[in-house]
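Remarks on the structure that follows.
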Amino acid sequence: ECPNCGYVAGRLTDELEIPKDFLKSDEYLNCEGNDFKSDLSKRFYKLHMIARESGDLETSFHSLRNCIWKCDDVQDELAVEMRKRAVELANELIEKDIEDKDILILMKADFLRRSGQFDRLVEEYENITLDDENSDRVLRYQIEKAKEQDDECYTTEEIFAK
């Protein structure tokens, strides 16, 4: 994050593709009213905002995902709201039929479950089978936990231990 203008990027030498005034807006400076517990969460959210503003949907999604994970690290309750937003971005990316569609489906399923959208997860994915056996196993696990209304965090070791 640039200490002078507040620009956030993977590399500060990356060209700014939005108007500089955006970096001075209240929405940007205040993360659209989200009071994150972590400065790193704020940076990822600002990167999400910049990418969204410039039309880079993939960077927007992945930045929001990183924001969520950092929120989790510091037990920030904003993680749930950020997951709900990420679900909508995942939908847009899935509709574009991008290369890593199955990974997006798994992330979306996790975001749905961890944000308490259990019925929606089951409705959308119960009758879908992913080609990769391990990915499908993860999806089945997500569905099982959604049916139990379980929004806890699990590791792949826990998933594959069954």
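The way I read the labels, and the way they are meant: chains A, B, ... in the order of the structure tokens, residue 1 as the first residue of every chain, and ligand 1 as the first ligand shown, with later ones counted on from there.
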
Using DSSP on the backbone coordinates, identify the residues of segment 23-92 of chain A assigned to alpha helix (DSSP H); present them as an MDAnalysis selection string. chainID A and resid 26:29 39:54 57:73 78:92

Which neighbours of Met49 of chain A fall inside 12 Å, counting only C-alpha atoms, when residues of the same chain fewer than 2 positions from it are skipped, and could you give them as a PyMOL selection string? chain A and resi 7-9+18+22-23+25+27-32+42-47+51-64+67+85

Suppose we keep N, CA and C atoms; can you now write the selection as a compact mmCIF listing (two decimals), in the first residue's frame?
```txt
# COMPACT_ATOMS: atom_id res chain seq x y z
N TYR A 7 -2.80 3.74 -2.76
CA TYR A 7 -2.97 2.73 -3.81
C TYR A 7 -2.50 1.38 -3.29
N VAL A 8 -3.29 0.34 -3.55
CA VAL A 8 -2.94 -1.01 -3.14
C VAL A 8 -2.83 -1.87 -4.39
N ALA A 9 -1.73 -2.63 -4.48
CA ALA A 9 -1.52 -3.52 -5.62
C ALA A 9 -0.52 -4.59 -5.22
N ILE A 18 -7.56 3.04 -12.78
CA ILE A 18 -8.78 3.75 -12.40
C ILE A 18 -8.42 5.20 -12.13
N PHE A 22 -10.60 8.07 -7.26
CA PHE A 22 -11.20 6.93 -6.58
C PHE A 22 -10.47 6.65 -5.27
N LEU A 23 -9.14 6.82 -5.28
CA LEU A 23 -8.33 6.55 -4.08
C LEU A 23 -8.58 7.56 -2.97
N SER A 25 -11.75 8.77 -2.46
CA SER A 25 -13.18 8.71 -2.13
C SER A 25 -13.39 8.15 -0.72
N GLU A 27 -15.64 6.08 0.17
CA GLU A 27 -15.89 4.64 0.07
C GLU A 27 -14.59 3.86 0.12
N TYR A 28 -13.60 4.32 -0.63
CA TYR A 28 -12.31 3.63 -0.67
C TYR A 28 -11.57 3.78 0.65
N LEU A 29 -11.47 4.99 1.13
CA LEU A 29 -10.72 5.25 2.36
C LEU A 29 -11.31 4.52 3.56
N ASN A 30 -12.63 4.35 3.57
CA ASN A 30 -13.32 3.69 4.69
C ASN A 30 -13.75 2.27 4.37
N CYS A 31 -13.20 1.70 3.30
CA CYS A 31 -13.54 0.31 2.90
C CYS A 31 -15.04 0.11 2.84
N GLU A 32 -15.74 1.07 2.26
CA GLU A 32 -17.19 1.03 2.10
C GLU A 32 -17.91 0.81 3.44
N LYS A 42 -7.93 -4.87 5.47
CA LYS A 42 -8.25 -3.60 4.81
C LYS A 42 -7.54 -3.50 3.46
N ARG A 43 -6.27 -3.87 3.44
CA ARG A 43 -5.51 -3.78 2.19
C ARG A 43 -6.09 -4.71 1.13
N PHE A 44 -6.40 -5.94 1.53
CA PHE A 44 -6.99 -6.87 0.57
C PHE A 44 -8.35 -6.36 0.09
N TYR A 45 -9.11 -5.76 0.99
CA TYR A 45 -10.41 -5.23 0.59
C TYR A 45 -10.24 -4.06 -0.39
N LYS A 46 -9.27 -3.20 -0.11
CA LYS A 46 -9.02 -2.08 -1.02
C LYS A 46 -8.56 -2.58 -2.39
N LEU A 47 -7.75 -3.63 -2.40
CA LEU A 47 -7.33 -4.20 -3.68
C LEU A 47 -8.54 -4.77 -4.41
N ALA A 51 -9.74 -3.51 -8.08
CA ALA A 51 -9.93 -4.47 -9.17
C ALA A 51 -11.37 -4.46 -9.68
N ARG A 52 -12.31 -4.37 -8.77
CA ARG A 52 -13.72 -4.31 -9.17
C ARG A 52 -13.97 -3.06 -10.00
N GLU A 53 -13.43 -1.95 -9.55
CA GLU A 53 -13.61 -0.68 -10.26
C GLU A 53 -13.00 -0.72 -11.66
N SER A 54 -11.88 -1.45 -11.80
CA SER A 54 -11.22 -1.52 -13.11
C SER A 54 -11.75 -2.65 -13.97
N GLY A 55 -12.69 -3.44 -13.43
CA GLY A 55 -13.29 -4.51 -14.21
C GLY A 55 -12.52 -5.83 -14.20
N ASP A 56 -11.56 -5.96 -13.30
CA ASP A 56 -10.77 -7.18 -13.19
C ASP A 56 -11.44 -8.10 -12.17
N LEU A 57 -12.39 -8.88 -12.65
CA LEU A 57 -13.22 -9.71 -11.79
C LEU A 57 -12.42 -10.77 -11.03
N GLU A 58 -11.44 -11.38 -11.69
CA GLU A 58 -10.65 -12.43 -11.02
C GLU A 58 -9.84 -11.87 -9.86
N THR A 59 -9.15 -10.75 -10.08
CA THR A 59 -8.37 -10.15 -9.00
C THR A 59 -9.30 -9.67 -7.90
N SER A 60 -10.44 -9.13 -8.26
CA SER A 60 -11.42 -8.70 -7.27
C SER A 60 -11.83 -9.87 -6.38
N PHE A 61 -12.16 -11.00 -7.00
CA PHE A 61 -12.57 -12.19 -6.25
C PHE A 61 -11.46 -12.70 -5.34
N HIS A 62 -10.27 -12.87 -5.90
CA HIS A 62 -9.17 -13.44 -5.11
C HIS A 62 -8.71 -12.50 -3.99
N SER A 63 -8.82 -11.21 -4.21
CA SER A 63 -8.49 -10.25 -3.15
C SER A 63 -9.51 -10.32 -2.02
N LEU A 64 -10.77 -10.46 -2.39
CA LEU A 64 -11.82 -10.60 -1.39
C LEU A 64 -11.65 -11.91 -0.62
N CYS A 67 -9.00 -11.36 1.85
CA CYS A 67 -9.56 -10.54 2.93
C CYS A 67 -10.33 -11.43 3.91
N ARG A 85 -20.51 -11.66 -0.18
CA ARG A 85 -20.13 -10.88 -1.37
C ARG A 85 -19.32 -11.73 -2.34
```
